[in-house]
Amino acid sequence: MNVAAIAVTAAFPLSTALAVIGAGMLHATWNAMAKAVTDRHATFALYGAIWAMCGAAGALLAPVPHRAAWPWIATSSVLHVIYAALLVRSYRLGDFNQVYPLARGTAPLLVAGVAVVFVGDRMTIAELCGVAVICAGLGLLAFVRPREADQRNQDQRVRQPGRRAVGAALLTGVSIATYTITDGLGVRASGAPLGYASWLFLLSGPLTLGWAMSRRPAAVWSSMRAHAWSGFAGGVLGVAAYAIVLWAQTTGALAVVAALRETGVITGAIIGVAVFRERAAASRVLAAVTVAAGATLINLH
């Protein structure tokens with residue numbers, strides 16, 4: 001992780017690149033908190049409430065986004081709820097060190113293709129190679145399986161949930177790419193990155209809260225007290241992480257921002273080993289070095 005942070009010098013100012021990498025670390029942290037809890041619907045209900053409150057505070061202080069940004073804000077608010085639902089399903093089906101990097105690694109490649117072809121973003125050969133290398137490293141992280149897991153996977157009953165987890169993670173990656181492109185276009189049209197972020201959280205927060213409580217409201221409500229601390233902390237981290245990303249999307253290519261952000265999977269790999277006791281492997285070290293190399297390529301002159 002330090003290698004990637006030191007290497008970034010060109011595509012953005014150093015402070016911006018480091019901020020995006022830091023946002024990835026924050027994102028990995030709140031995702032790990034969401035994975036660790038026993039009732040994820042209660043946690044996301046709390047996340048939604050915190051997002052709404054932070055958004056309301058920001059909306060009072062920040063400039064109002066331009067009219068052209070409002071359709072993007074409304075669309076992205078719905079997309080973030082879809083993302084939350086897919087993320088909860090992914091964490092129910094798979095290991096953190098498999099689901100998280102696979103979901104995050106899918107997004108930069110999709111964003112790069114759409115941004116270059118449809119949005120008109122221009123990327124150098126080095127940046128395109130960097131995105132591809134980062135995606136390769138993330139894919140390696142995703143599909144590394146400890147030896148014990150390989151032995152268990154001889155049983156068809158274990159292998160089937162693994163395929164379902166991969167499918168859910170891939171769909172989560174598609175949702176990430178979709179809201180990343182939506183917000184990239186919206187925040188550029190807004191004229192006010194902080195205002196855009198504030199209104200996005202103000203609208204998506206209540207929608208997330210409503211989704212989380214829609215199936216079993218009484219049970220979720222009773223669980224929210226037990227998850228109050230993790231819900232508050234994760235919600236604040238989520239706001240900070242994505243506000244940084246939205247700001248960075250006004251300064252450079254969407255795919256570059258997306259790829260640098262996903263270096264946070266290295267933090268996720270560390271959390272997987274240290275917190276969830278998922279077995280480390282030499283290939284995970286290779287994957288981390290690969291991601292750092294990709295970040296270096298993105299920022300070559």
# chains A, B, ... in the order shown; residues from 1 in each chain; ligands from 1
call {"tool": "residues_around", "arguments": {"residues": "Ala112 (chain A)", "least_positions_apart": "2", "cutoff": "12 Å", "atoms": "only C-alpha atoms", "output": "VMD selection string"}}
result
chain A and resid 105 to 110 114 to 124 127 to 132 134 to 135 177 to 178 180 to 181 253 to 259
call {"tool": "write_last_selection", "arguments": {"atoms": "C-alpha atoms", "output": "compact mmCIF listing (two decimals), in the first residue's frame"}}
result
# COMPACT_ATOMS: atom_id res chain seq x y z
CA GLY A 105 -12.19 -5.16 -9.06
CA THR A 106 -15.00 -5.51 -11.57
CA ALA A 107 -15.93 -1.84 -11.39
CA PRO A 108 -12.76 -0.08 -12.70
CA LEU A 109 -12.67 -2.14 -15.87
CA LEU A 110 -16.33 -1.45 -16.62
CA VAL A 114 -17.85 3.12 -20.63
CA ALA A 115 -16.01 6.35 -19.80
CA VAL A 116 -13.71 6.11 -22.80
CA VAL A 117 -16.35 5.00 -25.31
CA PHE A 118 -19.42 6.95 -24.19
CA VAL A 119 -18.33 9.73 -21.84
CA GLY A 120 -15.36 10.91 -23.89
CA ASP A 121 -12.70 10.60 -21.20
CA ARG A 122 -9.24 10.26 -22.68
CA MET A 123 -6.71 7.91 -21.16
CA THR A 124 -3.07 7.37 -22.01
CA GLU A 127 -3.32 4.68 -17.68
CA LEU A 128 -5.17 1.99 -19.64
CA CYS A 129 -2.44 -0.53 -18.78
CA GLY A 130 -2.60 0.56 -15.15
CA VAL A 131 -6.34 -0.06 -14.97
CA ALA A 132 -5.87 -3.49 -16.54
CA ILE A 134 -5.04 -3.29 -11.11
CA CYS A 135 -8.00 -5.37 -12.27
CA ALA A 177 -19.60 0.78 -11.98
CA THR A 178 -23.08 2.09 -12.79
CA THR A 180 -19.66 5.55 -10.36
CA ILE A 181 -20.35 6.64 -13.93
CA ALA A 253 -10.74 10.60 -15.71
CA LEU A 254 -13.45 8.51 -14.05
CA ALA A 255 -11.58 5.25 -14.67
CA VAL A 256 -8.41 6.56 -13.03
CA VAL A 257 -10.33 7.61 -9.91
CA ALA A 258 -12.12 4.25 -9.81
CA ALA A 259 -8.90 2.28 -10.19
call {"tool": "closest_residue", "arguments": {"among": "A:Ile176, A:Leu286, A:Ala59, A:Ala248", "to": "Leu18 (chain A)", "atoms": "only C-alpha atoms"}}
result
A:Ala248
call {"tool": "closest_residue", "arguments": {"among": "A:Tyr196, A:Phe276, A:Trp221, A:Phe232", "to": "Thr250 (chain A)", "atoms": "only C-alpha atoms"}}
result
A:Tyr196
call {"tool": "closest_residue", "arguments": {"among": "A:Gly235, A:Val291, A:Ala62, A:Val88", "to": "Thr267 (chain A)", "atoms": "only C-alpha atoms"}}
result
A:Val291
call {"tool": "residues_around", "arguments": {"residues": "Trp247 (chain A)", "least_positions_apart": "2", "cutoff": "9 Å", "atoms": "only C-alpha atoms", "output": "JSON, numbers by chain"}}
result
{"A": [187, 192, 193, 194, 197, 242, 243, 244, 245, 249, 250, 251]}
call {"tool": "write_last_selection", "arguments": {"atoms": "N, CA and C atoms", "output": "PDB file, in the first residue's frame"}}
result
ATOM      1  N   VAL A 187     -21.656  14.874 -10.842  1.00  0.00           N
ATOM      2  CA  VAL A 187     -20.869  15.828 -10.061  1.00  0.00           C
ATOM      3  C   VAL A 187     -20.170  16.818 -10.977  1.00  0.00           C
ATOM      4  N   ALA A 192     -20.832  21.979  -7.936  1.00  0.00           N
ATOM      5  CA  ALA A 192     -20.679  22.025  -6.474  1.00  0.00           C
ATOM      6  C   ALA A 192     -20.525  20.598  -5.948  1.00  0.00           C
ATOM      7  N   PRO A 193     -19.301  20.067  -5.942  1.00  0.00           N
ATOM      8  CA  PRO A 193     -19.103  18.679  -5.497  1.00  0.00           C
ATOM      9  C   PRO A 193     -19.656  18.390  -4.109  1.00  0.00           C
ATOM     10  N   LEU A 194     -19.438  19.304  -3.155  1.00  0.00           N
ATOM     11  CA  LEU A 194     -19.945  19.071  -1.804  1.00  0.00           C
ATOM     12  C   LEU A 194     -21.470  19.106  -1.782  1.00  0.00           C
ATOM     13  N   ALA A 197     -22.690  15.784  -3.268  1.00  0.00           N
ATOM     14  CA  ALA A 197     -22.541  14.696  -2.305  1.00  0.00           C
ATOM     15  C   ALA A 197     -23.591  14.795  -1.200  1.00  0.00           C
ATOM     16  N   TYR A 242     -16.882   8.397   0.231  1.00  0.00           N
ATOM     17  CA  TYR A 242     -17.473   8.674  -1.076  1.00  0.00           C
ATOM     18  C   TYR A 242     -17.457  10.166  -1.416  1.00  0.00           C
ATOM     19  N   ALA A 243     -17.502  11.038  -0.417  1.00  0.00           N
ATOM     20  CA  ALA A 243     -17.378  12.471  -0.682  1.00  0.00           C
ATOM     21  C   ALA A 243     -16.025  12.787  -1.301  1.00  0.00           C
ATOM     22  N   ILE A 244     -14.971  12.118  -0.825  1.00  0.00           N
ATOM     23  CA  ILE A 244     -13.637  12.300  -1.408  1.00  0.00           C
ATOM     24  C   ILE A 244     -13.632  11.865  -2.866  1.00  0.00           C
ATOM     25  N   VAL A 245     -14.254  10.723  -3.145  1.00  0.00           N
ATOM     26  CA  VAL A 245     -14.284  10.205  -4.511  1.00  0.00           C
ATOM     27  C   VAL A 245     -15.040  11.156  -5.433  1.00  0.00           C
ATOM     28  N   GLN A 249     -13.540  13.065  -8.778  1.00  0.00           N
ATOM     29  CA  GLN A 249     -14.075  12.847 -10.113  1.00  0.00           C
ATOM     30  C   GLN A 249     -14.232  14.134 -10.907  1.00  0.00           C
ATOM     31  N   THR A 250     -14.147  15.263 -10.245  1.00  0.00           N
ATOM     32  CA  THR A 250     -14.202  16.534 -10.966  1.00  0.00           C
ATOM     33  C   THR A 250     -12.837  16.948 -11.500  1.00  0.00           C
ATOM     34  N   THR A 251     -11.777  16.211 -11.142  1.00  0.00           N
ATOM     35  CA  THR A 251     -10.416  16.617 -11.494  1.00  0.00           C
ATOM     36  C   THR A 251      -9.748  15.720 -12.508  1.00  0.00           C
TER      37      THR A 251
END
call {"tool": "residues_around", "arguments": {"residues": "Thr43 (chain A)", "least_positions_apart": "2", "cutoff": "12 Å", "atoms": "only C-alpha atoms", "output": "ChimeraX atom specification"}}
result
/A:30-41,45-50,84,88,208-209,211-213,220-235
call {"tool": "write_last_selection", "arguments": {"atoms": "N, CA and C atoms", "output": "CSV table (one decimal), in the first residue's frame"}}
result
chain,number,residue,atom,x,y,z
A,30,TRP,N,-15.4,0.3,6.4
A,30,TRP,CA,-16.8,0.2,6.7
A,30,TRP,C,-17.4,-1.0,6.1
A,31,ASN,N,-16.9,-1.5,5.0
A,31,ASN,CA,-17.4,-2.8,4.4
A,31,ASN,C,-17.1,-3.9,5.3
A,32,ALA,N,-15.9,-3.9,5.9
A,32,ALA,CA,-15.6,-5.0,6.9
A,32,ALA,C,-16.5,-5.0,8.1
A,33,MET,N,-16.8,-3.8,8.5
A,33,MET,CA,-17.8,-3.7,9.6
A,33,MET,C,-19.1,-4.2,9.2
A,34,ALA,N,-19.5,-4.0,8.0
A,34,ALA,CA,-20.8,-4.5,7.5
A,34,ALA,C,-20.8,-6.0,7.4
A,35,LYS,N,-19.6,-6.6,7.1
A,35,LYS,CA,-19.5,-8.0,7.0
A,35,LYS,C,-19.5,-8.7,8.3
A,36,ALA,N,-18.9,-8.0,9.3
A,36,ALA,CA,-18.7,-8.6,10.7
A,36,ALA,C,-20.0,-8.7,11.5
A,37,VAL,N,-21.0,-7.8,11.2
A,37,VAL,CA,-22.1,-7.8,12.1
A,37,VAL,C,-23.0,-9.0,11.9
A,38,THR,N,-23.9,-9.3,12.9
A,38,THR,CA,-24.8,-10.4,12.7
A,38,THR,C,-26.1,-10.0,12.0
A,39,ASP,N,-26.5,-8.8,12.1
A,39,ASP,CA,-27.7,-8.3,11.4
A,39,ASP,C,-27.3,-7.2,10.5
A,40,ARG,N,-27.1,-7.5,9.2
A,40,ARG,CA,-26.7,-6.5,8.2
A,40,ARG,C,-27.8,-5.5,7.8
A,41,HIS,N,-29.0,-6.0,7.9
A,41,HIS,CA,-30.1,-5.1,7.6
A,41,HIS,C,-30.2,-4.0,8.7
A,45,ALA,N,-29.6,-0.1,8.0
A,45,ALA,CA,-30.6,0.9,8.4
A,45,ALA,C,-30.0,2.1,9.1
A,46,LEU,N,-29.0,1.7,10.0
A,46,LEU,CA,-28.3,2.8,10.7
A,46,LEU,C,-27.4,3.6,9.7
A,47,TYR,N,-26.8,2.9,8.8
A,47,TYR,CA,-26.0,3.6,7.7
A,47,TYR,C,-26.9,4.6,7.0
A,48,GLY,N,-28.1,4.2,6.6
A,48,GLY,CA,-29.0,5.1,5.9
A,48,GLY,C,-29.3,6.3,6.7
A,49,ALA,N,-29.6,6.1,8.0
A,49,ALA,CA,-29.9,7.2,8.9
A,49,ALA,C,-28.8,8.2,9.0
A,50,ILE,N,-27.6,7.7,9.2
A,50,ILE,CA,-26.4,8.5,9.3
A,50,ILE,C,-26.1,9.3,8.0
A,84,ALA,N,-26.5,-1.6,-2.1
A,84,ALA,CA,-26.6,-2.1,-0.7
A,84,ALA,C,-27.2,-3.5,-0.7
A,88,VAL,N,-25.2,-6.8,0.6
A,88,VAL,CA,-25.6,-7.6,1.8
A,88,VAL,C,-25.7,-9.1,1.3
A,208,THR,N,-32.2,3.9,1.6
A,208,THR,CA,-31.5,2.7,2.2
A,208,THR,C,-32.1,2.3,3.5
A,209,LEU,N,-32.5,3.2,4.3
A,209,LEU,CA,-33.2,2.9,5.6
A,209,LEU,C,-34.5,2.2,5.4
A,211,TRP,N,-35.4,0.5,2.7
A,211,TRP,CA,-35.1,-0.9,2.1
A,211,TRP,C,-34.7,-1.8,3.3
A,212,ALA,N,-33.8,-1.4,4.1
A,212,ALA,CA,-33.3,-2.3,5.2
A,212,ALA,C,-34.4,-2.7,6.2
A,213,MET,N,-35.4,-1.9,6.4
A,213,MET,CA,-36.5,-2.2,7.3
A,213,MET,C,-37.7,-2.8,6.6
A,220,VAL,N,-35.6,-5.7,12.8
A,220,VAL,CA,-34.5,-4.7,12.5
A,220,VAL,C,-34.4,-3.6,13.5
A,221,TRP,N,-35.6,-3.1,13.9
A,221,TRP,CA,-35.6,-2.0,14.8
A,221,TRP,C,-35.0,-2.4,16.2
A,222,SER,N,-35.4,-3.7,16.6
A,222,SER,CA,-34.8,-4.1,17.9
A,222,SER,C,-33.3,-4.4,17.8
A,223,SER,N,-32.8,-4.7,16.6
A,223,SER,CA,-31.4,-5.0,16.5
A,223,SER,C,-30.6,-3.8,16.3
A,224,MET,N,-31.2,-2.7,16.0
A,224,MET,CA,-30.4,-1.4,15.7
A,224,MET,C,-29.7,-0.9,17.0
A,225,ARG,N,-30.3,-1.1,18.1
A,225,ARG,CA,-29.6,-0.7,19.4
A,225,ARG,C,-28.3,-1.4,19.6
A,226,ALA,N,-28.3,-2.7,19.3
A,226,ALA,CA,-27.1,-3.5,19.5
A,226,ALA,C,-26.0,-3.2,18.5
A,227,HIS,N,-26.4,-2.6,17.3
A,227,HIS,CA,-25.4,-2.3,16.3
A,227,HIS,C,-25.2,-0.8,16.2
A,228,ALA,N,-25.6,-0.1,17.2
A,228,ALA,CA,-25.6,1.4,17.1
A,228,ALA,C,-24.2,1.9,16.9
A,229,TRP,N,-23.2,1.4,17.6
A,229,TRP,CA,-21.8,2.0,17.4
A,229,TRP,C,-21.3,1.7,16.0
A,230,SER,N,-21.3,0.4,15.6
A,230,SER,CA,-20.8,0.0,14.3
A,230,SER,C,-21.6,0.7,13.2
A,231,GLY,N,-22.9,0.9,13.4
A,231,GLY,CA,-23.7,1.6,12.4
A,231,GLY,C,-23.3,3.1,12.3
A,232,PHE,N,-23.1,3.7,13.4
A,232,PHE,CA,-22.7,5.1,13.4
A,232,PHE,C,-21.3,5.3,12.7
A,233,ALA,N,-20.3,4.5,13.2
A,233,ALA,CA,-19.0,4.6,12.7
A,233,ALA,C,-18.9,4.3,11.2
A,234,GLY,N,-19.6,3.2,10.8
A,234,GLY,CA,-19.6,2.8,9.4
A,234,GLY,C,-20.2,3.8,8.5
A,235,GLY,N,-21.3,4.4,9.0
A,235,GLY,CA,-22.0,5.4,8.2
A,235,GLY,C,-21.2,6.7,8.0
call {"tool": "atom_distance", "arguments": {"atom1": "CA of Thr29 (chain A)", "atom2": "CA of Gly113 (chain A)"}}
result
27.8 Å
call {"tool": "residues_around", "arguments": {"residues": "Tyr91 (chain A)", "least_positions_apart": "6", "cutoff": "9 Å", "atoms": "only C-alpha atoms", "output": "mmCIF file with N, CA and C atoms, in the first residue's frame"}}
result
data_model
loop_
_atom_site.group_PDB
_atom_site.id
_atom_site.type_symbol
_atom_site.label_atom_id
_atom_site.label_comp_id
_atom_site.auth_asym_id
_atom_site.auth_seq_id
_atom_site.Cartn_x
_atom_site.Cartn_y
_atom_site.Cartn_z
ATOM 1 N N ALA A 34 -19.545 -3.974 7.982
ATOM 2 C CA ALA A 34 -20.825 -4.515 7.523
ATOM 3 C C ALA A 34 -20.792 -6.029 7.416
ATOM 4 N N LYS A 35 -19.647 -6.581 7.058
ATOM 5 C CA LYS A 35 -19.507 -8.029 6.965
ATOM 6 C C LYS A 35 -19.514 -8.679 8.349
ATOM 7 N N VAL A 99 -15.294 -11.914 -1.806
ATOM 8 C CA VAL A 99 -16.386 -11.080 -2.320
ATOM 9 C C VAL A 99 -15.934 -9.641 -2.507
ATOM 10 N N TYR A 100 -15.264 -9.062 -1.510
ATOM 11 C CA TYR A 100 -14.935 -7.642 -1.575
ATOM 12 C C TYR A 100 -14.027 -7.298 -2.766
ATOM 13 N N ALA A 165 -21.868 -16.863 -4.604
ATOM 14 C CA ALA A 165 -21.178 -15.701 -4.042
ATOM 15 C C ALA A 165 -20.462 -14.920 -5.135
ATOM 16 N N ALA A 168 -23.058 -13.008 -7.140
ATOM 17 C CA ALA A 168 -23.541 -11.838 -6.401
ATOM 18 C C ALA A 168 -22.484 -10.741 -6.371
ATOM 19 N N ALA A 169 -21.214 -11.130 -6.212
ATOM 20 C CA ALA A 169 -20.136 -10.140 -6.180
ATOM 21 C C ALA A 169 -19.984 -9.451 -7.536
#
call {"tool": "atom_distance", "arguments": {"atom1": "CA of Phe44 (chain A)", "atom2": "CA of Pro65 (chain A)"}}
result
26.6 Å
call {"tool": "closest_residue", "arguments": {"among": "A:Leu260, A:Ala293, A:Ala274, A:Tyr179", "to": "Val78 (chain A)", "atoms": "only C-alpha atoms"}}
result
A:Tyr179
call {"tool": "atom_distance", "arguments": {"atom1": "CA of Arg277 (chain A)", "atom2": "CA of Pro101 (chain A)"}}
result
16.5 Å
call {"tool": "select_by_dssp", "arguments": {"residues": "region 27-218 of chain A", "states": "alpha helix (DSSP H)", "output": "PyMOL selection string"}}
result
chain A and resi 27-36+40-61+70-93+96-114+125-143+147-152+156-190+193-212+217-218
call {"tool": "closest_residue", "arguments": {"among": "A:Leu200, A:Leu297, A:Gly167, A:Pro217", "to": "Gly94 (chain A)", "atoms": "only C-alpha atoms"}}
result
A:Gly167
